[in-house]
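K.L.:
Following this message is one structure expressed as structure tokens.
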Amino acid sequence: ESGIDLEAFGVDQSIGGYFGYGQIEGSKFQYDRNQVFPKADYGLLLCAFQRKMSSGDATVVQMTHTLVTNTFWGVEGGGEVEVLWYLHSKMTSFTEKLPLAVQGELENTSYPHYATEPRMNAFKVNLLMHHTEYAIMQNRDLFAEFLA
């Protein structure tokens, strides 16, 4: 319903389900019972993601959402929750710090959205581990405050 290819931006289909966008044509999963946040918040979240991606920094966004009633999952509406969203996405602030040889390895790949494999090679595993560590450390104060 958003009119853009969210997966091209690295936004998993399941996230929309939390905002009432659960009927996804062609998906083998059903997210239509998962709405717990207002639909209007989804656009705000996507815009915040896009701003972070455009900056080249980690896509970490903290938002306050008002719960909507979800009888299927027993969620009572009206309360407010803080959510710290982390979207695994490309970060030029990270990749620019990598050795040139490694940067070359990333060209024409799906990095950081590698296919899930039973035996992912050590290069990909280590790269994703360092990628995630960098994202968390770049936002360590936000994570620390949120988890305190």
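Labels for the structure tokens follow display order: chains A, B, ..., residues from 1 in each chain, ligands from 1.
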May I have all residues of chain A that DSSP, computed from the backbone, assigns to helix (DSSP H, G or I), given as a ChimeraX atom specification?
P.N.:
/A:6-9,13-17,39-55,92-95,100-106,122-138,140-147
K.L.:
Those same residues, written as a compact mmCIF listing (two decimals), in the first residue's frame with C-alpha atoms?
P.N.:
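Dumped to selection29.txt:
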```
# COMPACT_ATOMS: atom_id res chain seq x y z
CA LEU A 6 10.15 -1.44 0.67
CA GLU A 7 12.32 -4.51 0.30
CA ALA A 8 14.59 -2.58 -2.06
CA PHE A 9 15.23 -0.30 0.93
CA GLN A 13 7.42 -6.97 4.93
CA SER A 14 6.64 -8.00 8.49
CA ILE A 15 7.22 -4.50 9.90
CA GLY A 16 4.16 -3.15 8.08
CA GLY A 17 2.01 -5.73 9.83
CA LYS A 39 -1.36 3.14 10.44
CA ALA A 40 -0.27 6.80 10.37
CA ASP A 41 2.87 5.93 12.36
CA TYR A 42 4.17 3.67 9.59
CA GLY A 43 4.79 6.58 7.23
CA LEU A 44 6.57 8.47 10.01
CA LEU A 45 8.79 5.47 10.68
CA LEU A 46 9.60 4.96 6.99
CA CYS A 47 10.51 8.64 6.63
CA ALA A 48 12.76 8.41 9.70
CA PHE A 49 14.39 5.29 8.23
CA GLN A 50 14.93 7.07 4.93
CA ARG A 51 16.54 10.09 6.62
CA LYS A 52 18.94 7.80 8.48
CA MET A 53 19.78 5.84 5.32
CA SER A 54 20.38 9.04 3.37
CA SER A 55 22.80 10.25 6.03
CA THR A 92 28.46 4.46 4.15
CA SER A 93 29.88 5.71 7.44
CA PHE A 94 30.89 2.07 8.05
CA THR A 95 31.84 0.90 4.57
CA LEU A 100 39.60 -0.92 -0.23
CA ALA A 101 39.86 -4.64 -0.97
CA VAL A 102 36.85 -5.33 1.26
CA GLN A 103 34.93 -2.41 -0.25
CA GLY A 104 35.56 -3.98 -3.67
CA GLU A 105 34.15 -7.29 -2.42
CA LEU A 106 30.88 -5.53 -1.55
CA ALA A 122 33.29 -16.52 7.32
CA PHE A 123 33.73 -13.30 5.31
CA LYS A 124 29.98 -12.58 5.32
CA VAL A 125 29.48 -13.60 8.95
CA ASN A 126 32.35 -11.44 10.18
CA LEU A 127 31.33 -8.51 8.00
CA LEU A 128 27.74 -8.60 9.30
CA MET A 129 29.00 -8.91 12.88
CA HIS A 130 31.22 -5.85 12.51
CA HIS A 131 28.43 -4.01 10.66
CA THR A 132 26.02 -4.59 13.55
CA GLU A 133 28.62 -3.74 16.19
CA TYR A 134 29.35 -0.47 14.39
CA ALA A 135 25.63 0.39 14.25
CA ILE A 136 25.20 -0.25 17.96
CA MET A 137 28.37 1.60 18.95
CA GLN A 138 27.40 4.54 16.74
CA ARG A 140 25.49 3.42 22.12
CA ASP A 141 24.04 6.28 24.17
CA LEU A 142 20.61 5.75 22.65
CA PHE A 143 20.77 1.97 23.24
CA ALA A 144 22.07 2.43 26.80
CA GLU A 145 19.34 4.92 27.69
CA PHE A 146 16.65 2.79 26.07
CA LEU A 147 17.74 -0.40 27.83
```
K.L.:
Give the strand (DSSP E) residues of chain A, as assigned by DSSP on the backbone, as a VMD selection string.
P.N.:
chain A and resid 59 to 66 80 to 87
K.L.:
So that I have them on file, write out the residues from the current selection with N, CA, C and O atoms, as a PDB file, in the first residue's frame.
P.N.:
```pdb
ATOM      1  N   THR A  59      20.652   2.860  10.725  1.00  0.00           N
ATOM      2  CA  THR A  59      19.216   3.120  10.695  1.00  0.00           C
ATOM      3  C   THR A  59      18.621   2.697  12.035  1.00  0.00           C
ATOM      4  O   THR A  59      18.062   1.609  12.178  1.00  0.00           O
ATOM      5  N   VAL A  60      18.788   3.570  13.007  1.00  0.00           N
ATOM      6  CA  VAL A  60      18.269   3.363  14.362  1.00  0.00           C
ATOM      7  C   VAL A  60      17.340   4.526  14.655  1.00  0.00           C
ATOM      8  O   VAL A  60      17.739   5.688  14.557  1.00  0.00           O
ATOM      9  N   VAL A  61      16.095   4.202  14.999  1.00  0.00           N
ATOM     10  CA  VAL A  61      15.069   5.228  15.210  1.00  0.00           C
ATOM     11  C   VAL A  61      14.295   4.889  16.476  1.00  0.00           C
ATOM     12  O   VAL A  61      13.813   3.771  16.628  1.00  0.00           O
ATOM     13  N   GLN A  62      14.172   5.853  17.360  1.00  0.00           N
ATOM     14  CA  GLN A  62      13.351   5.674  18.557  1.00  0.00           C
ATOM     15  C   GLN A  62      12.051   6.425  18.351  1.00  0.00           C
ATOM     16  O   GLN A  62      12.059   7.598  17.968  1.00  0.00           O
ATOM     17  N   MET A  63      10.945   5.733  18.599  1.00  0.00           N
ATOM     18  CA  MET A  63       9.626   6.341  18.435  1.00  0.00           C
ATOM     19  C   MET A  63       8.712   5.937  19.581  1.00  0.00           C
ATOM     20  O   MET A  63       8.863   4.857  20.151  1.00  0.00           O
ATOM     21  N   THR A  64       7.775   6.809  19.873  1.00  0.00           N
ATOM     22  CA  THR A  64       6.701   6.500  20.816  1.00  0.00           C
ATOM     23  C   THR A  64       5.463   6.183  19.993  1.00  0.00           C
ATOM     24  O   THR A  64       5.095   6.945  19.094  1.00  0.00           O
ATOM     25  N   HIS A  65       4.851   5.061  20.284  1.00  0.00           N
ATOM     26  CA  HIS A  65       3.634   4.645  19.578  1.00  0.00           C
ATOM     27  C   HIS A  65       2.509   4.456  20.591  1.00  0.00           C
ATOM     28  O   HIS A  65       2.743   3.954  21.695  1.00  0.00           O
ATOM     29  N   THR A  66       1.307   4.836  20.186  1.00  0.00           N
ATOM     30  CA  THR A  66       0.119   4.550  20.984  1.00  0.00           C
ATOM     31  C   THR A  66      -0.440   3.216  20.509  1.00  0.00           C
ATOM     32  O   THR A  66      -0.637   3.013  19.306  1.00  0.00           O
ATOM     33  N   GLU A  80       0.930   3.885  25.749  1.00  0.00           N
ATOM     34  CA  GLU A  80       2.049   4.307  24.912  1.00  0.00           C
ATOM     35  C   GLU A  80       3.246   3.412  25.169  1.00  0.00           C
ATOM     36  O   GLU A  80       3.495   3.012  26.311  1.00  0.00           O
ATOM     37  N   VAL A  81       3.977   3.105  24.105  1.00  0.00           N
ATOM     38  CA  VAL A  81       5.196   2.305  24.214  1.00  0.00           C
ATOM     39  C   VAL A  81       6.315   2.991  23.450  1.00  0.00           C
ATOM     40  O   VAL A  81       6.080   3.633  22.424  1.00  0.00           O
ATOM     41  N   GLU A  82       7.519   2.854  23.978  1.00  0.00           N
ATOM     42  CA  GLU A  82       8.715   3.331  23.295  1.00  0.00           C
ATOM     43  C   GLU A  82       9.298   2.145  22.548  1.00  0.00           C
ATOM     44  O   GLU A  82       9.445   1.061  23.124  1.00  0.00           O
ATOM     45  N   VAL A  83       9.638   2.351  21.291  1.00  0.00           N
ATOM     46  CA  VAL A  83      10.246   1.303  20.484  1.00  0.00           C
ATOM     47  C   VAL A  83      11.543   1.851  19.910  1.00  0.00           C
ATOM     48  O   VAL A  83      11.581   2.971  19.388  1.00  0.00           O
ATOM     49  N   LEU A  84      12.596   1.065  20.025  1.00  0.00           N
ATOM     50  CA  LEU A  84      13.861   1.406  19.393  1.00  0.00           C
ATOM     51  C   LEU A  84      13.991   0.500  18.180  1.00  0.00           C
ATOM     52  O   LEU A  84      14.254  -0.687  18.299  1.00  0.00           O
ATOM     53  N   TRP A  85      13.748   1.069  17.014  1.00  0.00           N
ATOM     54  CA  TRP A  85      13.778   0.330  15.764  1.00  0.00           C
ATOM     55  C   TRP A  85      15.208   0.310  15.225  1.00  0.00           C
ATOM     56  O   TRP A  85      15.880   1.329  15.192  1.00  0.00           O
ATOM     57  N   TYR A  86      15.655  -0.859  14.787  1.00  0.00           N
ATOM     58  CA  TYR A  86      16.950  -0.978  14.113  1.00  0.00           C
ATOM     59  C   TYR A  86      16.722  -1.707  12.809  1.00  0.00           C
ATOM     60  O   TYR A  86      16.214  -2.823  12.791  1.00  0.00           O
ATOM     61  N   LEU A  87      17.075  -1.050  11.728  1.00  0.00           N
ATOM     62  CA  LEU A  87      16.923  -1.636  10.399  1.00  0.00           C
ATOM     63  C   LEU A  87      18.313  -1.916   9.855  1.00  0.00           C
ATOM     64  O   LEU A  87      19.145  -1.016   9.738  1.00  0.00           O
TER      65      LEU A  87
END
```
K.L.:
Quick one: pull the distance between CA of Thr69 (chain A) and CA of Phe29 (chain A), Å, one decimal.
P.N.:
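That distance, rounded to one decimal, is 21.7 Å.
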K.L.:
In terms of the shortest atom-to-atom distance over only C-alpha atoms, which of A:Val36, A:Met91, A:Val11, A:Leu98 is closest to Val75 (chain A)?
P.N.:
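Closest candidate: A:Val36.
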K.L.:
Leaving out Thr71 (chain A) and any residue of its chain fewer than 5 positions from it, which residues lie within 10 Å of it when counting only C-alpha atoms, given as a ChimeraX atom specification?
P.N.:
/A:33-34,36,76-77
